[in-house]
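> Below is a structure I'd like to ask you about.
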Amino acid sequence: MQAMNRKLLLATLALSLVAGTRPFPAQAGSTNQLKAPEPPPLYHTNAAHDPDGLGKFYLGREIAQVMGHAGADWLERPERQQEERPDILLSALKIKPGDKVADIGAGTGYHTRRMAKLVGPEGAVFAVDIEPEMLESLKAGATAAGLHNVKPILGTLKSPRLPPDSLDLVLMVDVYHELEFPFEMMQEICRSLKAGGRVALVEFRGEDPNVPIKALHKMTEVQARKELEAQPLRWVETIRTLPWQHLIIFERSAIPLK
Ligand SMILES: C[S@@+](CC[C@H](N)C(=O)[O-])C[C@H]1O[C@@H](n2cnc3c(N)ncnc32)[C@H](O)[C@@H]1O
């Protein structure tokens, strides 16, 4: 009887090989079709890396370590007025009363407070950070300045948790280079912009050896454009009137996002 069964099994295998079919039903979850190739990973890691970085790379750039809340005083240093000229930056942004804007990686709210005055009571500034301590000092600063249109948001590493299709402008000062998930963050930021809404990216100039900032905390214009133009964003202009930084403006495409 056993010999009979073995003969039957061998005959089934032989027939299925000739017919090019599977001898047994496919297992749950498997498929006879060819799989599409996996897309290449967005990020890669390298054990040999800059001590200021995460050892994680995106489009050829190493991502910098996050400035912790221990650096809060540095963000409010009086010399910043001369080193970064926030007055020139803000006038270049052409913010109007009533605008809805976001300050991503707002820190202590250095730019949030200034933008809150420009958008006025009809407008709003969504101030996003991942460090609760930064948001606490941001709230205290906004309250002390009598600003009621600042909306603090505790974001995550991958999302600023902003309302969709609602913003005229997203400002990112000295933060993009330290986003641990730049691709995912920018996708979410694009979703939060109205069609035609703008992203204003401010980074210390990586091309300029005279800018006294650590290498990973600077970005070149070429690299910044490569990364942001991988999103539904169009480069509009680069403003070069700041002492140490470039201000790069992008616009969200009018095509509805998925
Ligand atoms: C160098 S500080 C700049 C703060 C502010 N933009 C300024 O110019 O004063 C960078 C800030 O970005 C925040 N940050 C880093 N990754 C972030 C993320 N994924 N989402 C939101 N904030 C982030 C940090 O916690 C820190 O407060």
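Naming scheme: A, B, ... for chains in displayed order of the structure tokens; residues 1 onward per chain; ligands 1 onward as shown.
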List every residue of segment 32-253 of chain A that DSSP, applied to the backbone, labels as helix (DSSP H, G or I), and write the result as a PyMOL selection string.

chain A and resi 69-75+80-84+86-93+110-119+132-144+176-178+182-192+215-217+221-228

> Counting only C-alpha atoms, what is within 12 Å of Arg198 of chain A, bar same-chain residues fewer than 6 positions away, as a VMD selection string?

chain A and resid 93 to 95 99 to 102 165 to 172 189 to 192 228 232 to 237 248 to 254

> Put those residues in a file: C-alpha atoms, as a compact mmCIF listing (two decimals), in the first residue's frame.


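The resulting file, part.txt, is shown below:
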# COMPACT_ATOMS: atom_id res chain seq x y z
CA LEU A 93 8.96 86.62 3.78
CA LYS A 94 6.25 89.23 2.97
CA ILE A 95 3.90 87.95 5.69
CA ASP A 99 -1.86 84.68 7.25
CA LYS A 100 -1.70 81.21 8.77
CA VAL A 101 1.94 80.26 9.18
CA ALA A 102 3.96 77.52 10.90
CA ASP A 165 -4.42 72.31 3.39
CA SER A 166 -4.39 75.24 5.79
CA LEU A 167 -1.09 77.15 5.74
CA ASP A 168 0.18 80.07 3.68
CA LEU A 169 3.79 79.69 4.82
CA VAL A 170 6.01 77.23 6.67
CA LEU A 171 9.23 78.67 8.10
CA MET A 172 12.11 76.34 8.96
CA ILE A 189 4.50 69.69 5.68
CA CYS A 190 3.41 69.66 2.03
CA ARG A 191 0.04 68.26 3.11
CA SER A 192 -0.38 71.12 5.59
CA LEU A 228 13.15 69.63 -1.14
CA PRO A 232 5.80 68.29 -4.48
CA LEU A 233 7.63 71.61 -4.11
CA ARG A 234 8.91 74.00 -6.75
CA TRP A 235 11.96 76.20 -6.13
CA VAL A 236 11.00 79.86 -6.41
CA GLU A 237 14.06 81.89 -5.38
CA ILE A 248 15.46 79.37 -0.01
CA ILE A 249 11.80 79.70 -0.99
CA PHE A 250 9.73 76.83 -2.41
CA GLU A 251 6.08 76.69 -3.40
CA ARG A 252 3.68 73.77 -3.09
CA SER A 253 2.42 72.57 -6.44
CA ALA A 254 -1.24 73.21 -7.24

> Return the single residue from A:Leu193, A:Ile130, A:Leu247, A:Met115 that is closest to ligand 1, with distances computed using only C-alpha atoms and all ligand atoms.

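The closest residue to ligand 1 is A:Ile130.
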
> Check which residues fall inside 8 Å of ligand 1 when counting only C-alpha atoms and all ligand atoms, and print them as an MDAnalysis selection string.

chainID A and resid 66:69 71:72 75:76 103:111 128:131 134 154:160 172:176 178:182 185

> Return the single residue from A:Pro132, A:Gly123, A:Pro209, A:Pro41 that is closest to Phe57 of chain A, with distances computed using only C-alpha atoms.

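Among the listed residues, the smallest separation from Phe57 of chain A belongs to A:Pro41.
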
> In Å, with one decimal, what is the gap from atom CA of Val150 of chain A to atom CA of Val125 of chain A?

4.9 Å

> Counting only C-alpha atoms, which of A:Leu118, A:Leu42, A:Ile153, A:Ala200 gets nearest to Gly60 of chain A?

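Among A:Leu118, A:Leu42, A:Ile153, A:Ala200, it is A:Leu42 that comes nearest to Gly60 of chain A.
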
> Neighbours of His246 of chain A within 8 Å (only C-alpha atoms; same-chain residues fewer than 6 positions away dropped), as a ChimeraX atom specification?

/A:201-205,221,238-240
